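Step one of this worksheet: look at the structure below.
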Amino acid sequence: MTAASLETELIGLPLSSPVINGSGTFDAIAAGRVFGERALSSENFPFSAYVSKTITEQPRAGNPPFRTWEAPAGMINSIGLPNPGLAHFVEDHLPVLRQLPVPLIVSVMAEDRDGFSRLVEGVTAAGGVSAFELNVSCPNVHSGLIVGESGKEVEGLLDRLGSFTDLPLIIKLTPNVARPEEIAEAAEAGGAAAVSLVNTLKAAALDPASDRPWLGAGSGGLSGPAIRPIAIQQVRSVSAAVSIPVIGMGGITDGESALDFIRAGASAVAVGTENFRDPLAGTMVRTELARALERRGIETIGELRGAAST
Amino acid sequence: MLPDRPEPPLGRRLLSVVEARDEGAFRLLTLLDDEGPEPLPGQFYMVTRAPDWGGGLGRPYLPRALSFAGTTGMANGVSIEFLLDEVGPGTRELSRLSPEDECWVAGPFGRPFSRAGELTEGAAGAVLVGGGIGIAPLAPLRRDLIARGVPTRVLLGFREPAAAGGVDRLFGCEEVRVAYEAGSDSPARVTDLLSVVLAGDDAGRSAVYSCGPPGMLEAVRRMCADRGVTAELALESPMACGYGACFGCAVPRRDGGYLRLCIDGPVVRGDEIESAEAGEAGS
């Protein structure tokens, strides 16, 4: 039997496999420091594209502890987007990240459209970046609306950013809305190259020893296999609603669960929380995905994409 | 690569349990590592029961960060000892392992203890202060210090004799003073022992190393700071990944912002942090 090919294309980028990482779940720079530079070689790097941790204009220290809570088959986090800010990112991190053996997608977040504009303009000018993922799980300070919860906000943001970068823009969809497909439709109408989903589900845990919440920020987001069935359904409905590519994620732990997202309509999949349990989770998912295709006698993932969408 | 520590194997690996036994109130788990380097005192591993855990209620889910309590060079690798206190679903699963079982292990990770001379210029000796399960990382540190000819005093504390374990096995009987807060003729805290030691003439030339519950660590940190004695503390925090990916193990820095305990620690100098009570998590 012919070996299954995992090669694919996403928003114009040729990828060696559909397996990338979720933003904020793998710090390539830290991995290089901890495991050595070999961790970032083309032979060892676990993903076919790398999505950075979210960058903001100004540096952010992140939320006070505690930042994580182990949940049944998952975890809640409220990390608070610690990052060095645009200037330091461009100066110190980008030179390392653009040396990675895979395309680089930079995740950005701002409080308003002007902030997003300055971020994408600054990073685009620095060069070496293949696309942006817009983290829209934050309020627009002017409208007070969480951008990702409002189709109008998403479309307006994309409309504005078009004049500041030629790079493809991916909207990271929040699952904390009644109809994520409506936000996806607005993203498509606004010119997004793709949508990625799901971000974490809003969640909280209580301190066993007091009546306060456990997390320093009060609440956080749930990830891991616990949310996978919700993510699968959202990927199905979003895939059915838009014709731009969908990057699916939410509790992927192995080849079969990655294939579930592809059957639900995803063009690529992202491994997130599983990276915390296994630093080479991306490699494992990719290897198992190839085996899962071979077991089905299928040569390319395109043959299965959307097989189980709505 | 971080210069002060050995390079761990890439990813995680399956290691066999070679010994599992009770040590007083604790469980001693020994794994045979046929792939990794010899760890440095203060470092830790991320450990999961294999083939995978995730019990009936879905926990444990994340690996557990465990400081090693000792190593022995073997013909086919390094045997690594861990001291376990059953405080939650993860440590419960690990406490139930027996020889032939396997664990997923990543590491060794983290910043190790400094050499005595690096911590305190012209160090005349070292004082190790441990509490409860926190005695574990001090055991290999003591062996290392003694091998380097550093005079080393060991002060250990437990709630009560019934809550103690592993002292003889990990430290030997000599040169170790143990305080019990209750259940003995002369109840005392380990910090009471430390204050006597720090009252000595050569205290300023001591390097203090400590690991234990946050309240004890914070008391050690303050006592040392008040007396101008340098101290290194091995801290604990909820930790999802162990290699800098999740940014979950944040501990406030004294000069603002946070350190990532998994790569900037778990060993920190007392003057690097605001307080040692920022985090404790049963797991």
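Starting from 1 in every chain, residues are counted up; chains themselves are A, B, ... following the order of the structure tokens, and ligands are numbered from 1 as listed.
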- Near segment 125-128 of chain B, counting only C-alpha atoms, which residues have an atom at most 6 Å away, once you skip same-chain residues fewer than 2 positions from it, shown as a PyMOL selection string? chain B and resi 123+150-155+206-210
- All residues 7 Å or closer to segment 126-138 of chain A, only C-alpha atoms, same chain fewer than 2 positions away omitted, as a PyMOL selection string: chain A and resi 90+98+103-109+122-124+140+146-148+167-172+174
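Using only C-alpha atoms, the shortest contact distance between Asp278 of chain A and any of B:Asp255, B:Asp52, B:Asp22, B:Glu86 is found at B:Asp52.
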What are the nearest atom pairs, with distances in Å to one decimal, for all residues of chain A that come at most 7 Å from chain B, using only C-alpha atoms, set out by chain and rising residue number as a tab-separated table?
residue	atom	partner	partner_atom	distance
A:Gly24	CA	B:Cys246	CA	6.8
A:Thr25	CA	B:Ala245	CA	5.7
A:Phe26	CA	B:Ala245	CA	4.6
A:Asp27	CA	B:Ala245	CA	4.8
A:Ala30	CA	B:Gly244	CA	5.5
A:Ala31	CA	B:Tyr243	CA	6.6
A:Gly32	CA	B:Met1	CA	6.5
A:Arg33	CA	B:Met1	CA	4.1
A:Val34	CA	B:Met1	CA	5.9
A:Phe35	CA	B:Glu7	CA	5.9
A:Gly36	CA	B:Met1	CA	4.7
A:Glu37	CA	B:Met1	CA	6.9
A:Ala39	CA	B:Leu10	CA	6.8
A:Ala61	CA	B:Gly257	CA	5.1
A:Pro65	CA	B:Ala250	CA	6.0
A:Arg67	CA	B:Gly248	CA	5.1
A:Thr68	CA	B:Gly248	CA	5.7
A:Glu70	CA	B:Tyr61	CA	7.0
A:Pro72	CA	B:Gly58	CA	4.1
A:Ala73	CA	B:Gly58	CA	4.6
A:Gly74	CA	B:Tyr61	CA	6.5
A:Ile79	CA	B:Gly248	CA	6.2
A:Phe276	CA	B:Cys241	CA	4.1
A:Arg277	CA	B:Leu62	CA	6.0
A:Asp278	CA	B:Arg12	CA	6.1
A:Pro279	CA	B:Gly11	CA	4.8
A:Leu280	CA	B:Gly11	CA	5.1
- Item | Those of segment 28-272 of chain A in DSSP strand (DSSP E), formatted as number ranges by chain | A: 50-51, 68-71, 74-77, 104-108, 131-135, 169-172, 194-197, 201-203, 220-223, 246-249, 268-271
- Mind checking which residues fall within 7 Å of Val238 of chain A, counting only C-alpha atoms, ignoring those fewer than 5 positions away in the same chain, and posting them as JSON, numbers by chain? {"A": [180, 181, 184]}
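Rounded to one decimal, atom CA of Thr71 of chain B and atom CA of Val178 of chain B lie 23.2 Å from each other.
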- Residue with the minimum atom-to-atom distance to Asp166 of chain A, picked from A:Gly221, A:Gly22, A:Gly272, A:Gly191 with only C-alpha atoms counted, is A:Gly191
- Which of segment 113-282 of chain B fall in helix (DSSP H, G or I), as number ranges by chain: B: 116-119, 132-135, 138-147, 161-163, 167-171, 190-198, 203-205, 214-226, 261-264, 270-272
- Item | Distance criterion (only C-alpha atoms): nearest to Leu97 of chain B out of B:Leu84, B:Cys224, B:Glu118, B:Ala182 | B:Leu84
- What is the distance between atom CA of Val17 of chain B and atom CA of Glu81 of chain B, in Å to one decimal? 10.0 Å
- Message: Report as a PyMOL selection string all protein, DNA and RNA residues lying within 12 Å of Leu28 of chain B, evaluated on only C-alpha atoms, omitting residues in the same chain fewer than 6 positions from it.
- Response: chain B and resi 17-22+66+68-70+80-86+91+94-99+133+136+165-167+169-170
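Neighbouring residues of Pro213 of chain A at 12 Å or closer, counting only C-alpha atoms and skipping chain neighbours under 5 positions away, are Pro65, Phe66, Arg67, Thr68, Trp69, Ile76, Ser78, Ala203, Ala204, Ala205, Leu206, Asp207, Pro208, Gly218, Ser219 and Gly220 of chain A.
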Can you write out the residues you just picked, keeping N, CA and C atoms, as a PDB file, in the first residue's frame?
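Written out: out-v7.pdb:
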ATOM      1  N   PRO A  65      -0.652  34.511  40.070  1.00  0.00           N
ATOM      2  CA  PRO A  65      -0.952  33.098  40.283  1.00  0.00           C
ATOM      3  C   PRO A  65      -2.203  32.943  41.158  1.00  0.00           C
ATOM      4  N   PHE A  66      -2.865  31.808  41.184  1.00  0.00           N
ATOM      5  CA  PHE A  66      -2.496  30.672  40.354  1.00  0.00           C
ATOM      6  C   PHE A  66      -3.019  30.858  38.939  1.00  0.00           C
ATOM      7  N   ARG A  67      -2.318  30.241  38.007  1.00  0.00           N
ATOM      8  CA  ARG A  67      -2.696  30.394  36.609  1.00  0.00           C
ATOM      9  C   ARG A  67      -3.284  29.128  36.005  1.00  0.00           C
ATOM     10  N   THR A  68      -3.139  28.007  36.678  1.00  0.00           N
ATOM     11  CA  THR A  68      -3.671  26.762  36.105  1.00  0.00           C
ATOM     12  C   THR A  68      -4.415  25.953  37.153  1.00  0.00           C
ATOM     13  N   TRP A  69      -5.302  25.119  36.655  1.00  0.00           N
ATOM     14  CA  TRP A  69      -6.071  24.193  37.502  1.00  0.00           C
ATOM     15  C   TRP A  69      -6.315  22.938  36.688  1.00  0.00           C
ATOM     16  N   ILE A  76      -7.773  24.273  33.272  1.00  0.00           N
ATOM     17  CA  ILE A  76      -8.230  25.648  33.131  1.00  0.00           C
ATOM     18  C   ILE A  76      -7.001  26.526  33.256  1.00  0.00           C
ATOM     19  N   SER A  78      -5.516  30.708  33.177  1.00  0.00           N
ATOM     20  CA  SER A  78      -5.676  32.162  33.019  1.00  0.00           C
ATOM     21  C   SER A  78      -4.283  32.746  33.089  1.00  0.00           C
ATOM     22  N   ALA A 203     -14.285  29.232  31.984  1.00  0.00           N
ATOM     23  CA  ALA A 203     -14.408  28.254  33.067  1.00  0.00           C
ATOM     24  C   ALA A 203     -13.825  28.807  34.355  1.00  0.00           C
ATOM     25  N   ALA A 204     -14.190  28.211  35.460  1.00  0.00           N
ATOM     26  CA  ALA A 204     -13.638  28.609  36.753  1.00  0.00           C
ATOM     27  C   ALA A 204     -13.508  27.386  37.649  1.00  0.00           C
ATOM     28  N   ALA A 205     -12.640  27.496  38.632  1.00  0.00           N
ATOM     29  CA  ALA A 205     -12.493  26.478  39.679  1.00  0.00           C
ATOM     30  C   ALA A 205     -12.433  27.210  41.003  1.00  0.00           C
ATOM     31  N   LEU A 206     -12.939  26.556  42.046  1.00  0.00           N
ATOM     32  CA  LEU A 206     -12.956  27.198  43.361  1.00  0.00           C
ATOM     33  C   LEU A 206     -11.850  26.633  44.238  1.00  0.00           C
ATOM     34  N   ASP A 207     -11.262  27.512  45.028  1.00  0.00           N
ATOM     35  CA  ASP A 207     -10.243  27.103  45.984  1.00  0.00           C
ATOM     36  C   ASP A 207     -10.880  26.136  46.980  1.00  0.00           C
ATOM     37  N   PRO A 208     -10.330  24.925  47.121  1.00  0.00           N
ATOM     38  CA  PRO A 208     -10.942  23.965  48.052  1.00  0.00           C
ATOM     39  C   PRO A 208     -10.925  24.480  49.497  1.00  0.00           C
ATOM     40  N   GLY A 218      -9.512  34.984  38.662  1.00  0.00           N
ATOM     41  CA  GLY A 218     -10.917  34.690  38.927  1.00  0.00           C
ATOM     42  C   GLY A 218     -11.446  33.575  38.048  1.00  0.00           C
ATOM     43  N   SER A 219     -11.395  33.797  36.742  1.00  0.00           N
ATOM     44  CA  SER A 219     -11.840  32.749  35.827  1.00  0.00           C
ATOM     45  C   SER A 219     -10.786  32.556  34.752  1.00  0.00           C
ATOM     46  N   GLY A 220     -10.994  31.529  33.951  1.00  0.00           N
ATOM     47  CA  GLY A 220     -10.013  31.223  32.906  1.00  0.00           C
ATOM     48  C   GLY A 220     -10.675  30.487  31.766  1.00  0.00           C
TER      49      GLY A 220
END
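Atom CA of Ser223 of chain A lies 17.2 Å from atom CA of Val285 of chain A.
The list of residues with at least one atom within 9 Å of segment 229-232 of chain A, based on only C-alpha atoms and without residues fewer than 6 positions apart in the same chain, reads Pro175, Leu197, Val198, Asn199, Gly248, Met249, Gly250, Gly251, Asp260, Phe261 and Ala264 of chain A.
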